[in-house]
$ cat my_file_31.txt   # compact mmCIF, C-alpha atoms
# COMPACT_ATOMS: atom_id res chain seq x y z
CA MET S 1 -77.10 -91.97 -115.91
CA CYS S 2 -76.32 -94.65 -113.33
CA ASP S 3 -73.72 -97.15 -114.67
CA VAL S 4 -75.19 -100.06 -112.73
CA CYS S 5 -78.88 -99.98 -113.60
CA GLY S 6 -79.16 -97.37 -116.36
CA CYS S 7 -81.50 -95.28 -114.23
CA PRO S 8 -81.36 -91.57 -115.15
CA ASN S 9 -80.73 -90.62 -111.52
CA LEU S 10 -77.16 -90.91 -110.24
CA THR S 11 -78.33 -90.63 -106.67
CA GLY S 12 -81.49 -91.39 -104.79
CA HIS S 13 -81.33 -95.17 -105.19
CA VAL S 14 -79.13 -98.04 -104.06
CA HIS S 15 -78.41 -101.48 -105.56
CA VAL S 16 -79.05 -104.30 -103.15
CA ALA S 17 -77.88 -107.75 -104.29
CA GLY S 18 -79.03 -107.19 -107.85
CA ALA S 19 -82.28 -105.48 -106.92
CA ILE S 20 -82.70 -101.75 -107.18
CA LEU S 21 -84.09 -99.79 -104.31
CA HIS S 22 -85.19 -96.48 -105.72
CA ALA S 23 -85.67 -93.47 -103.53
CA GLU S 24 -89.38 -94.00 -103.92
CA SER S 25 -89.07 -97.16 -101.92
CA GLY S 26 -88.08 -95.13 -98.89
CA LYS S 27 -90.79 -93.84 -96.65
CA GLN S 28 -91.90 -90.36 -97.59
CA ILE S 29 -93.83 -88.16 -95.23
CA GLU S 30 -95.46 -84.80 -95.74
CA VAL S 31 -94.23 -82.22 -93.26
CA MET S 32 -95.66 -78.90 -94.54
CA GLN S 33 -94.02 -76.95 -91.76
CA ALA S 34 -92.40 -73.51 -91.82
CA MET S 35 -88.65 -73.76 -92.33
CA LEU S 36 -88.24 -71.55 -89.26
CA HIS S 37 -90.84 -73.53 -87.31
CA ASP S 38 -88.93 -73.49 -84.01
CA ASN S 39 -88.29 -69.75 -84.20
CA ASP S 40 -91.93 -69.09 -85.09
CA ARG S 41 -93.06 -71.11 -82.09
CA GLN S 42 -90.71 -69.24 -79.77
CA ALA S 43 -91.89 -65.93 -81.25
CA ALA S 44 -95.53 -66.86 -80.56
CA HIS S 45 -94.53 -67.61 -76.98
CA ASN S 46 -92.81 -64.21 -76.69
CA ARG S 47 -95.89 -62.52 -78.11
CA ALA S 48 -98.06 -64.21 -75.49
CA HIS S 49 -95.79 -62.71 -72.80
CA PHE S 50 -96.02 -59.26 -74.36
CA ASP S 51 -99.80 -59.44 -74.77
CA ALA S 52 -100.31 -60.64 -71.22
CA ALA S 53 -98.21 -57.72 -69.96
CA GLY S 54 -100.00 -55.25 -72.24
CA VAL S 55 -96.74 -53.86 -73.59
CA LEU S 56 -96.35 -52.68 -77.19
CA VAL S 57 -93.27 -54.28 -78.75
CA VAL S 58 -91.65 -52.61 -81.74
CA ASN S 59 -88.92 -54.28 -83.80
CA LEU S 60 -86.72 -51.47 -85.14
CA MET S 61 -84.73 -52.37 -88.25
CA SER S 62 -82.49 -50.54 -90.71
CA SER S 63 -79.06 -50.62 -92.26
CA PRO S 64 -76.16 -49.75 -89.92
CA GLY S 65 -76.02 -46.03 -89.22
CA ALA S 66 -79.55 -45.10 -90.34
CA GLY S 67 -80.24 -43.59 -86.92
CA LYS S 68 -82.06 -46.26 -84.91
CA THR S 69 -80.38 -45.37 -81.62
CA SER S 70 -80.70 -41.61 -82.20
CA LEU S 71 -84.44 -41.98 -82.85
CA LEU S 72 -84.79 -44.03 -79.66
CA GLU S 73 -82.88 -41.41 -77.64
CA VAL S 74 -85.20 -38.57 -78.65
CA THR S 75 -88.27 -40.82 -78.29
CA ILE S 76 -87.31 -41.75 -74.73
CA ARG S 77 -86.68 -38.11 -73.85
CA ALA S 78 -89.96 -37.00 -75.44
CA LEU S 79 -91.99 -39.58 -73.52
CA ARG S 80 -90.20 -39.28 -70.19
CA GLY S 81 -92.73 -39.16 -67.37
CA ARG S 82 -95.55 -40.24 -69.72
CA LEU S 83 -94.72 -43.74 -70.91
CA ALA S 84 -92.32 -46.33 -69.51
CA ILE S 85 -89.90 -47.50 -72.21
CA ALA S 86 -87.21 -50.17 -72.32
CA VAL S 87 -84.96 -51.29 -75.14
CA ILE S 88 -83.48 -54.65 -76.08
CA GLU S 89 -80.30 -53.85 -77.97
CA GLY S 90 -78.84 -56.19 -80.57
CA ASP S 91 -75.24 -55.37 -81.32
CA LEU S 92 -72.41 -57.39 -82.83
CA GLU S 93 -69.63 -56.41 -80.46
CA THR S 94 -70.23 -53.36 -78.30
CA GLU S 95 -72.48 -51.99 -75.56
CA ASN S 96 -72.24 -48.47 -76.98
CA ASP S 97 -75.88 -48.24 -77.98
CA ALA S 98 -77.12 -49.65 -74.66
CA ARG S 99 -75.09 -46.99 -72.85
CA ARG S 100 -76.70 -44.25 -74.96
CA ILE S 101 -80.19 -45.60 -74.19
CA ARG S 102 -79.46 -45.66 -70.45
CA ALA S 103 -78.09 -42.13 -70.62
CA ALA S 104 -81.36 -41.05 -72.26
CA GLY S 105 -83.22 -42.46 -69.26
CA ALA S 106 -84.52 -45.91 -70.23
CA ASN S 107 -83.61 -49.43 -69.21
CA ALA S 108 -81.54 -51.26 -71.86
CA VAL S 109 -80.78 -54.98 -72.13
CA GLN S 110 -77.84 -55.77 -74.35
CA ILE S 111 -77.75 -58.85 -76.56
CA THR S 112 -74.27 -59.16 -78.00
CA THR S 113 -74.75 -61.32 -81.07
CA GLY S 114 -71.10 -61.89 -81.94
CA SER S 115 -71.04 -62.68 -85.63
CA ALA S 116 -74.79 -63.32 -85.89
CA CYS S 117 -76.40 -60.99 -88.41
CA HIS S 118 -79.88 -60.90 -86.86
CA LEU S 119 -81.77 -61.39 -83.62
CA ASP S 120 -83.95 -64.45 -83.21
CA ALA S 121 -86.87 -65.22 -80.92
CA THR S 122 -84.78 -67.28 -78.49
CA MET S 123 -82.36 -64.39 -77.88
CA VAL S 124 -85.28 -62.03 -77.28
CA HIS S 125 -86.91 -64.53 -74.92
CA ALA S 126 -83.76 -64.65 -72.78
CA ALA S 127 -83.69 -60.85 -72.67
CA LEU S 128 -87.38 -60.33 -71.90
CA HIS S 129 -87.14 -62.25 -68.65
CA THR S 130 -84.70 -59.66 -67.32
CA LEU S 131 -87.38 -56.95 -67.75
CA ALA S 132 -90.42 -56.08 -65.65
CA LEU S 133 -92.75 -56.20 -68.66
CA ARG S 134 -95.89 -55.26 -66.75
CA GLU S 135 -94.34 -51.95 -65.75
CA LEU S 136 -93.60 -51.05 -69.38
CA ASP S 137 -95.69 -49.30 -72.00
CA ILE S 138 -93.35 -49.79 -74.97
CA LEU S 139 -90.49 -52.20 -75.50
CA PHE S 140 -88.26 -51.48 -78.47
CA ILE S 141 -86.08 -54.20 -79.95
CA GLU S 142 -83.24 -52.51 -81.77
CA ASN S 143 -82.23 -55.16 -84.27
CA VAL S 144 -78.78 -55.66 -85.75
CA GLY S 145 -78.09 -53.07 -88.46
CA ASN S 146 -78.81 -55.08 -91.62
CA LEU S 147 -81.44 -54.78 -94.36
CA VAL S 148 -81.45 -58.50 -95.21
CA CYS S 149 -81.34 -61.06 -92.43
CA PRO S 150 -83.50 -59.60 -89.62
CA ALA S 151 -86.58 -59.52 -91.89
CA GLY S 152 -87.02 -63.29 -91.82
CA PHE S 153 -87.05 -63.84 -88.08
CA ASP S 154 -90.23 -63.19 -86.11
CA LEU S 155 -89.33 -62.05 -82.59
CA GLY S 156 -92.87 -61.82 -81.22
CA GLN S 157 -93.11 -58.07 -81.88
CA HIS S 158 -96.38 -56.29 -82.62
CA LYS S 159 -94.98 -53.87 -85.18
CA ASN S 160 -91.98 -53.58 -87.48
CA VAL S 161 -90.53 -50.12 -87.97
CA VAL S 162 -87.99 -49.81 -90.78
CA LEU S 163 -85.78 -46.73 -91.09
CA LEU S 164 -84.19 -45.40 -94.26
CA SER S 165 -81.82 -42.45 -93.96
CA VAL S 166 -81.59 -39.96 -96.80
CA THR S 167 -77.86 -40.67 -97.14
CA GLU S 168 -78.60 -44.25 -98.24
CA GLY S 169 -80.52 -43.42 -101.40
CA ASP S 170 -84.22 -43.51 -102.19
CA ASP S 171 -84.10 -46.82 -104.06
CA LYS S 172 -83.46 -48.99 -100.99
CA PRO S 173 -87.03 -50.39 -100.91
CA GLU S 174 -86.52 -51.58 -104.48
CA LYS S 175 -83.21 -53.25 -103.55
CA TYR S 176 -84.38 -54.85 -100.31
CA PRO S 177 -88.03 -55.78 -100.96
CA VAL S 178 -88.28 -58.43 -98.24
CA MET S 179 -87.28 -55.99 -95.50
CA PHE S 180 -89.40 -53.07 -96.67
CA ARG S 181 -92.42 -55.27 -97.35
CA ALA S 182 -92.31 -56.27 -93.66
CA ALA S 183 -92.53 -52.64 -92.47
CA ASP S 184 -95.59 -51.44 -90.57
CA LEU S 185 -94.09 -47.97 -90.63
CA LEU S 186 -91.36 -46.51 -92.84
CA GLY S 187 -89.30 -43.77 -91.25
CA ILE S 188 -87.21 -41.54 -93.50
CA THR S 189 -84.43 -40.31 -91.19
CA LYS S 190 -81.75 -37.61 -91.19
CA THR S 191 -84.03 -35.38 -93.22
CA ASP S 192 -81.91 -32.38 -92.17
CA LEU S 193 -79.26 -33.73 -94.56
CA THR S 194 -81.57 -33.95 -97.59
CA GLU S 195 -80.26 -30.77 -99.19
CA ALA S 196 -76.62 -31.74 -98.65
CA VAL S 197 -77.24 -35.18 -100.15
CA GLY S 198 -78.92 -33.60 -103.16
CA ASP S 199 -80.50 -36.52 -104.98
CA PHE S 200 -82.72 -38.14 -102.34
CA GLN S 201 -86.39 -37.74 -103.20
CA THR S 202 -88.84 -38.74 -100.51
CA LEU S 203 -91.64 -39.26 -103.02
CA ARG S 204 -89.45 -41.58 -105.06
CA ALA S 205 -88.68 -43.61 -101.90
CA LEU S 206 -92.41 -43.75 -101.20
CA ARG S 207 -93.12 -44.93 -104.75
CA HIS S 208 -90.58 -47.76 -104.44
CA PHE S 209 -92.15 -48.62 -101.09
CA ARG S 210 -95.68 -48.73 -102.53
CA HIS S 211 -94.42 -50.94 -105.34
CA LEU S 212 -94.09 -53.61 -102.65
CA ALA S 213 -97.87 -53.35 -102.13
CA ASN S 214 -97.20 -52.03 -98.67
CA PRO S 215 -99.87 -49.55 -97.44
CA ALA S 216 -97.92 -48.64 -94.26
CA PRO S 217 -97.49 -44.95 -93.33
CA MET S 218 -94.25 -43.12 -94.09
CA PHE S 219 -92.93 -40.47 -91.69
CA GLU S 220 -90.12 -38.03 -92.34
CA LEU S 221 -88.08 -37.87 -89.14
CA CYS S 222 -85.15 -35.89 -87.87
CA ALA S 223 -83.76 -36.81 -84.47
CA ARG S 224 -81.51 -33.76 -84.50
CA ASN S 225 -84.09 -31.00 -85.06
CA GLY S 226 -87.20 -32.86 -83.89
CA GLY S 227 -88.84 -32.90 -87.32
CA GLY S 228 -91.73 -35.36 -87.59
CA MET S 229 -91.47 -36.37 -83.94
CA ALA S 230 -95.03 -35.36 -83.06
CA ALA S 231 -96.46 -37.70 -85.71
CA TRP S 232 -94.12 -40.52 -84.65
CA ILE S 233 -94.99 -40.15 -80.96
CA GLY S 234 -98.68 -40.03 -81.88
CA TRP S 235 -98.36 -43.27 -83.84
CA LEU S 236 -96.59 -44.98 -80.93
CA ILE S 237 -99.25 -43.91 -78.42
CA GLY S 238 -102.02 -45.09 -80.76
CA GLU S 239 -100.39 -48.49 -81.18
CA ARG S 240 -99.73 -48.75 -77.43
CA ASP S 241 -103.43 -48.09 -76.77
CA ARG S 242 -104.34 -50.85 -79.20
CA VAL S 243 -102.20 -53.38 -77.31
CA ARG S 244 -103.16 -52.19 -73.84
CA PRO S 245 -106.62 -53.84 -73.60
CA ALA S 246 -104.91 -57.18 -74.15
CA ARG S 247 -103.42 -56.89 -70.64
CA SER S 248 -104.72 -60.02 -68.89
CA MET S 249 -104.46 -61.55 -65.46
CA HIS S 250 -102.63 -64.72 -66.35
CA ALA S 251 -99.11 -64.15 -67.46
CA HIS S 252 -97.13 -67.34 -67.64
CA ASP S 253 -93.42 -68.01 -67.32
CA MET R 1 -75.75 -65.15 -94.21
CA HIS R 2 -78.89 -66.13 -92.33
CA GLU R 3 -79.21 -69.15 -94.65
CA LEU R 4 -76.94 -70.97 -92.19
CA ALA R 5 -79.47 -70.38 -89.40
CA VAL R 6 -82.32 -71.40 -91.73
CA CYS R 7 -80.43 -74.57 -92.61
CA GLN R 8 -79.87 -75.40 -88.96
CA SER R 9 -83.58 -74.99 -88.33
CA ILE R 10 -84.50 -77.31 -91.23
CA LEU R 11 -82.07 -80.00 -90.10
CA ALA R 12 -83.20 -79.82 -86.49
CA GLN R 13 -86.77 -80.43 -87.67
CA ALA R 14 -85.69 -83.22 -90.01
CA ALA R 15 -83.75 -84.97 -87.25
CA ALA R 16 -86.68 -84.74 -84.83
CA ILE R 17 -89.15 -86.06 -87.43
CA ALA R 18 -86.77 -88.87 -88.45
CA ALA R 19 -86.39 -89.92 -84.80
CA ALA R 20 -90.17 -89.86 -84.32
CA ASN R 21 -90.51 -92.13 -87.38
CA LYS R 22 -87.73 -94.45 -86.19
CA ALA R 23 -85.73 -93.68 -89.33
CA ASP R 24 -81.99 -93.36 -89.04
CA ARG R 25 -81.26 -91.81 -92.40
CA VAL R 26 -82.96 -89.07 -94.41
CA GLN R 27 -82.40 -89.39 -98.15
CA ARG R 28 -84.41 -86.47 -99.49
CA ILE R 29 -85.49 -83.13 -98.09
CA THR R 30 -87.97 -81.12 -100.16
CA LEU R 31 -88.33 -77.40 -99.57
CA ARG R 32 -90.62 -74.83 -101.13
CA ILE R 33 -89.19 -71.32 -101.25
CA GLY R 34 -90.84 -68.24 -102.70
CA ARG R 35 -88.80 -65.62 -104.52
CA LEU R 36 -89.95 -63.11 -101.91
CA ALA R 37 -89.06 -65.27 -98.91
CA GLY R 38 -85.67 -63.69 -98.35
CA VAL R 39 -83.87 -67.02 -98.57
CA GLU R 40 -81.48 -67.66 -101.44
CA PRO R 41 -81.66 -71.29 -102.63
CA ASP R 42 -78.01 -71.26 -103.77
CA LEU R 43 -76.79 -70.06 -100.37
CA LEU R 44 -78.96 -72.67 -98.70
CA ARG R 45 -77.42 -75.38 -100.90
CA ALA R 46 -73.94 -74.09 -100.00
CA ALA R 47 -74.73 -74.11 -96.27
CA PHE R 48 -76.39 -77.52 -96.30
CA PRO R 49 -73.32 -79.83 -96.32
CA LEU R 50 -71.67 -77.80 -93.58
CA VAL R 51 -74.65 -78.15 -91.27
CA ALA R 52 -75.61 -81.70 -92.30
CA HIS R 53 -72.15 -83.17 -91.78
CA GLY R 54 -72.28 -85.98 -89.24
CA THR R 55 -76.09 -85.93 -88.96
CA CYS R 56 -78.83 -88.25 -90.21
CA CYS R 57 -79.23 -85.89 -93.16
CA GLU R 58 -75.60 -86.07 -94.28
CA ALA R 59 -76.38 -88.04 -97.45
CA ALA R 60 -79.72 -86.40 -98.15
CA ILE R 61 -80.54 -84.73 -101.43
CA LEU R 62 -81.83 -81.22 -100.99
CA CYS R 63 -84.68 -80.53 -103.42
CA ILE R 64 -85.75 -76.90 -103.61
CA GLU R 65 -88.91 -75.90 -105.44
CA THR R 66 -88.88 -72.18 -106.07
CA VAL R 67 -92.19 -70.35 -106.24
CA ALA R 68 -92.92 -67.28 -108.35
CA VAL R 69 -94.36 -64.14 -106.80
CA GLU R 70 -98.04 -63.94 -107.69
CA VAL R 71 -100.35 -61.04 -106.93
CA GLU R 72 -104.09 -60.59 -107.30
CA CYS R 73 -105.43 -57.09 -107.93
CA ARG R 74 -107.95 -55.92 -105.34
CA LEU R 75 -109.47 -53.48 -107.84
CA CYS R 76 -109.79 -55.44 -111.09
CA GLY R 77 -109.13 -59.01 -109.98
CA THR R 78 -106.25 -59.71 -112.39
CA THR R 79 -103.80 -62.37 -111.24
CA LYS R 80 -100.20 -62.24 -112.45
CA ASP R 81 -96.63 -63.33 -111.70
CA VAL R 82 -94.47 -60.30 -110.91
CA ALA R 83 -90.90 -59.37 -109.92
CA PRO R 84 -90.26 -59.42 -106.14
CA ASN R 85 -89.85 -55.62 -106.05
CA ARG R 86 -92.77 -54.70 -108.32
CA LEU R 87 -95.93 -56.01 -106.74
CA LEU R 88 -98.21 -54.19 -109.14
CA CYS R 89 -101.32 -55.24 -111.02
CA GLY R 90 -100.39 -56.42 -114.50
CA SER R 91 -103.58 -54.96 -115.88
CA CYS R 92 -104.38 -51.65 -114.17
CA GLY R 93 -100.99 -50.98 -112.52
CA THR R 94 -102.18 -50.36 -108.98
CA TRP R 95 -100.15 -51.45 -105.94
CA ARG R 96 -103.36 -52.38 -104.17
CA VAL R 97 -102.80 -56.07 -104.70
CA THR R 98 -102.82 -59.15 -102.49
CA LEU R 99 -99.88 -61.53 -102.49
CA ARG R 100 -101.13 -64.99 -103.53
CA GLY R 101 -97.78 -66.77 -103.44
CA GLY R 102 -94.05 -66.20 -103.35
CA ASP R 103 -93.28 -65.57 -99.68
CA GLU R 104 -93.40 -69.19 -98.53
CA MET R 105 -90.45 -70.97 -96.97
CA ARG R 106 -91.71 -74.39 -96.11
CA LEU R 107 -90.33 -77.81 -95.34
CA GLU R 108 -92.61 -79.83 -97.61
CA SER R 109 -91.59 -83.42 -97.12
CA LEU R 110 -88.93 -85.82 -95.97
CA GLU R 111 -88.02 -89.17 -97.42
CA PHE R 112 -86.30 -91.73 -95.24
CA ALA R 113 -83.86 -94.33 -96.53
CA PRO R 114 -85.14 -97.91 -96.55
CA VAL R 115 -83.59 -99.90 -93.72
CA SER R 116 -82.23 -102.56 -96.06
CA ALA R 117 -80.27 -99.96 -97.99
CA LYS R 118 -78.09 -99.35 -94.99
CA GLU R 119 -77.40 -103.05 -94.38
CA PHE R 120 -76.35 -103.64 -97.98
CA SER R 121 -74.69 -100.33 -98.62
CA HIS R 122 -71.40 -102.08 -99.51
CA VAL R 123 -72.99 -103.80 -102.53
$ encode --input "my_file_31.txt" --output "structure tokens"
Amino acid sequence: MCDVCGCPNLTGHVHVAGAILHAESGKQIEVMQAMLHDNDRQAAHNRAHFDAAGVLVVNLMSSPGAGKTSLLEVTIRALRGRLAIAVIEGDLETENDARRIRAAGANAVQITTGSACHLDATMVHAALHTLALRELDILFIENVGNLVCPAGFDLGQHKNVVLLSVTEGDDKPEKYPVMFRAADLLGITKTDLTEAVGDFQTLRALRHFRHLANPAPMFELCARNGGGMAAWIGWLIGERDRVRPARSMHAHD
Amino acid sequence: MHELAVCQSILAQAAAIAAANKADRVQRITLRIGRLAGVEPDLLRAAFPLVAHGTCCEAAILCIETVAVEVECRLCGTTKDVAPNRLLCGSCGTWRVTLRGGDEMRLESLEFAPVSAKEFSHV
């Protein structure tokens, strides 16, 4: 309770020469705007670039070490000569992943995020202007390895792909519902290690995933032995074809 | 800790709206955050003074309304509040449900300090 006027609120009002100005006497305005309004606007701008160029943009997310870069390496090699691919790489400190992408035969733009735990639409916008988007079929954005923060930031992508490696445990969708709910495709990776891990059950992972009311497809993938790659490549080509007709004549800056 | 980035975004919006309304002090910021939004209210409250320091929102009260996760069954029509990682129909158990609320993260309103309050703030 306020000692001066007996009002139950300690804050939110001031005493002016004996009169009480409650908070209600200030001007209140309705905003009703997304908390990440500026990022959302930038993301919409990015998406307009991508649509105008007719390039499919995939935001690839997972925990660190789930196999994002390995999946990209085999994808680039599998599609060499068929589809033009580039990768925007988000990495805290190194250019290691960008080097691996280039060695696999695709253009890579590195965003070194320093201590930032996620990519945002402004970072992606800066990177996209270093790429010849119209010459690309698919642009991957390899997000910072993190199952929490990247989920909240729209980058302008068309699809979210979330990877879960068998070494992480099949209950990850239950532990990180925001991330897995955002997935347009769930990739179970490192399936060649399933036997060694012992207690990872793909169906249990799928059940946790469905408990988020997410109808997205789940693919079992192995970058090392090529398992599941045909289905993954087929999905990518299908999504690319869906974006392609959007290619228009008036790209803007 | 992306709450810091979220906080910066909120305060940038608040400062721009305050300037547009010719207000020099914000005294209340009201947010609406769903339990499935991926933003932790406690972390946001912890980040707020760090980001607000020295801005027009420095003395503002941060009011956070949390919103339960609500789903509506597409098969039987039942509506129910659920846990963020169990979006299942409370009646028939299916996951074929539509989210009706709980993923919002919205800046609802701002309240500006009355001008006279600043002039007499020593009283």
$ residues_around --input "my_file_31.txt" --residues "segment 94-105 of chain R" --least-positions-apart "4" --cutoff "9 Å" --atoms "only C-alpha atoms" --output "PyMOL selection string"
(chain S and resi 33-36+178+210-215) or (chain R and resi 31-39+66-75+77+79+84+86-90)
$ write_last_selection --input "my_file_31.txt" --atoms "C-alpha atoms" --output "PDB file, keeping the file's coordinate frame"
ATOM      1  CA  GLN S  33     -94.020 -76.950 -91.760  1.00  0.00           C
ATOM      2  CA  ALA S  34     -92.400 -73.510 -91.820  1.00  0.00           C
ATOM      3  CA  MET S  35     -88.650 -73.760 -92.330  1.00  0.00           C
ATOM      4  CA  LEU S  36     -88.240 -71.550 -89.260  1.00  0.00           C
ATOM      5  CA  VAL S 178     -88.280 -58.430 -98.240  1.00  0.00           C
ATOM      6  CA  ARG S 210     -95.680 -48.730-102.530  1.00  0.00           C
ATOM      7  CA  HIS S 211     -94.420 -50.940-105.340  1.00  0.00           C
ATOM      8  CA  LEU S 212     -94.090 -53.610-102.650  1.00  0.00           C
ATOM      9  CA  ALA S 213     -97.870 -53.350-102.130  1.00  0.00           C
ATOM     10  CA  ASN S 214     -97.200 -52.030 -98.670  1.00  0.00           C
ATOM     11  CA  PRO S 215     -99.870 -49.550 -97.440  1.00  0.00           C
TER      12      PRO S 215
ATOM     13  CA  LEU R  31     -88.330 -77.400 -99.570  1.00  0.00           C
ATOM     14  CA  ARG R  32     -90.620 -74.830-101.130  1.00  0.00           C
ATOM     15  CA  ILE R  33     -89.190 -71.320-101.250  1.00  0.00           C
ATOM     16  CA  GLY R  34     -90.840 -68.240-102.700  1.00  0.00           C
ATOM     17  CA  ARG R  35     -88.800 -65.620-104.520  1.00  0.00           C
ATOM     18  CA  LEU R  36     -89.950 -63.110-101.910  1.00  0.00           C
ATOM     19  CA  ALA R  37     -89.060 -65.270 -98.910  1.00  0.00           C
ATOM     20  CA  GLY R  38     -85.670 -63.690 -98.350  1.00  0.00           C
ATOM     21  CA  VAL R  39     -83.870 -67.020 -98.570  1.00  0.00           C
ATOM     22  CA  THR R  66     -88.880 -72.180-106.070  1.00  0.00           C
ATOM     23  CA  VAL R  67     -92.190 -70.350-106.240  1.00  0.00           C
ATOM     24  CA  ALA R  68     -92.920 -67.280-108.350  1.00  0.00           C
ATOM     25  CA  VAL R  69     -94.360 -64.140-106.800  1.00  0.00           C
ATOM     26  CA  GLU R  70     -98.040 -63.940-107.690  1.00  0.00           C
ATOM     27  CA  VAL R  71    -100.350 -61.040-106.930  1.00  0.00           C
ATOM     28  CA  GLU R  72    -104.090 -60.590-107.300  1.00  0.00           C
ATOM     29  CA  CYS R  73    -105.430 -57.090-107.930  1.00  0.00           C
ATOM     30  CA  ARG R  74    -107.950 -55.920-105.340  1.00  0.00           C
ATOM     31  CA  LEU R  75    -109.470 -53.480-107.840  1.00  0.00           C
ATOM     32  CA  GLY R  77    -109.130 -59.010-109.980  1.00  0.00           C
ATOM     33  CA  THR R  79    -103.800 -62.370-111.240  1.00  0.00           C
ATOM     34  CA  PRO R  84     -90.260 -59.420-106.140  1.00  0.00           C
ATOM     35  CA  ARG R  86     -92.770 -54.700-108.320  1.00  0.00           C
ATOM     36  CA  LEU R  87     -95.930 -56.010-106.740  1.00  0.00           C
ATOM     37  CA  LEU R  88     -98.210 -54.190-109.140  1.00  0.00           C
ATOM     38  CA  CYS R  89    -101.320 -55.240-111.020  1.00  0.00           C
ATOM     39  CA  GLY R  90    -100.390 -56.420-114.500  1.00  0.00           C
TER      40      GLY R  90
END
$ axis_aligned_box --input "my_file_31.txt" --around "segment 65-74 of chain R" --padding-each-side "5 Å" --output "AutoDock Vina command-line options"
--center_x -98.4 --center_y -65.9 --center_z -106.8 --size_x 29.1 --size_y 30.0 --size_z 13.0
$ residues_around --input "my_file_31.txt" --residues "Ile141 of chain S" --least-positions-apart "2" --cutoff "8 Å" --atoms "all atoms listed in the file" --output "PyMOL selection string"
chain S and resi 57-60+87-90+139+143
$ atom_distance --input "my_file_31.txt" --atom1 "atom CA of Val243 of chain S" --atom2 "atom CA of His158 of chain S"
8.4 Å
$ closest_atom_pairs --input "my_file_31.txt" --of "chain R" --to "chain S" --cutoff "6 Å" --atoms "only C-alpha atoms" --output "tab-separated table"
residue	atom	partner	partner_atom	distance
R:His2	CA	S:Cys149	CA	5.6
R:Ser9	CA	S:Leu36	CA	5.9
R:Ile10	CA	S:Met35	CA	5.6
R:Gly38	CA	S:Val178	CA	5.9
R:Asn85	CA	S:Pro177	CA	5.4
R:Arg86	CA	S:His211	CA	5.1
R:Leu87	CA	S:Leu212	CA	5.1
R:Trp95	CA	S:Ala213	CA	4.8
R:Arg96	CA	S:Ala213	CA	5.9
R:Met105	CA	S:Met35	CA	5.7
R:Arg106	CA	S:Ala34	CA	4.4
R:Leu107	CA	S:Gln33	CA	5.2
R:Glu108	CA	S:Met32	CA	4.4
R:Ser109	CA	S:Glu30	CA	4.3
R:Leu110	CA	S:Ile29	CA	5.5
R:Glu111	CA	S:Gln28	CA	4.1
R:Phe112	CA	S:Lys27	CA	5.2
R:Ala113	CA	S:Gly26	CA	4.9
R:Pro114	CA	S:Gly26	CA	4.7
R:Phe120	CA	S:Val16	CA	5.9
$ atom_distance --input "my_file_31.txt" --atom1 "atom CA of Thr55 of chain R" --atom2 "atom CA of Ala121 of chain S"
24.7 Å
$ residues_near_point --input "my_file_31.txt" --point "(-87.7, -82.0, -104.5)" --cutoff "6 Å" --atoms "only C-alpha atoms" --output "compact mmCIF listing (two decimals) with C-alpha atoms, in the frame of the given file"
# COMPACT_ATOMS: atom_id res chain seq x y z
CA THR R 30 -87.97 -81.12 -100.16
CA CYS R 63 -84.68 -80.53 -103.42
CA ILE R 64 -85.75 -76.90 -103.61
$ closest_residue --input "my_file_31.txt" --among "S:Arg77, S:Lys159, S:Arg134, S:Arg204" --to "Ala182 of chain S" --atoms "all atoms listed in the file"
S:Lys159
$ atom_distance --input "my_file_31.txt" --atom1 "atom CA of Ala231 of chain S" --atom2 "atom CA of Asp170 of chain S"
21.3 Å
$ closest_residue --input "my_file_31.txt" --among "R:Val6, R:Val82, R:Leu11, R:Ala19" --to "His53 of chain R" --atoms "only C-alpha atoms"
R:Leu11
$ closest_residue --input "my_file_31.txt" --among "R:Cys76, R:Ala18, R:Gln8, R:Cys92" --to "Pro49 of chain R" --atoms "only C-alpha atoms"
R:Gln8
$ closest_residue --input "my_file_31.txt" --among "R:Leu62, R:Ala83, R:Leu44, R:Cys56" --to "Ala12 of chain R" --atoms "only C-alpha atoms"
R:Cys56
$ residues_around --input "my_file_31.txt" --residues "Asp241 of chain S" --least-positions-apart "2" --cutoff "12 Å" --atoms "all atoms listed in the file" --output "VMD selection string"
chain S and resid 54 to 56 83 137 to 138 234 to 239 243 to 247
$ decode --input "my_file_31.txt" --residues "segment 58-72 of chain S" --atoms "C-alpha atoms" --output "mmCIF file, in the first residue's frame"
data_model
loop_
_atom_site.group_PDB
_atom_site.id
_atom_site.type_symbol
_atom_site.label_atom_id
_atom_site.label_comp_id
_atom_site.auth_asym_id
_atom_site.auth_seq_id
_atom_site.Cartn_x
_atom_site.Cartn_y
_atom_site.Cartn_z
ATOM 1 C CA VAL S 58 14.639 -23.762 -46.367
ATOM 2 C CA ASN S 59 15.490 -22.858 -42.771
ATOM 3 C CA LEU S 60 17.421 -25.816 -41.348
ATOM 4 C CA MET S 61 17.343 -26.078 -37.556
ATOM 5 C CA SER S 62 18.514 -28.581 -34.947
ATOM 6 C CA SER S 63 20.614 -28.891 -31.840
ATOM 7 C CA PRO S 64 24.397 -28.589 -32.347
ATOM 8 C CA GLY S 65 25.827 -31.728 -33.922
ATOM 9 C CA ALA S 66 22.581 -33.239 -35.241
ATOM 10 C CA GLY S 67 24.040 -33.347 -38.746
ATOM 11 C CA LYS S 68 22.791 -30.213 -40.528
ATOM 12 C CA THR S 69 26.014 -29.648 -42.460
ATOM 13 C CA SER S 70 26.450 -33.343 -43.287
ATOM 14 C CA LEU S 71 22.916 -33.496 -44.700
ATOM 15 C CA LEU S 72 23.629 -30.392 -46.794
#
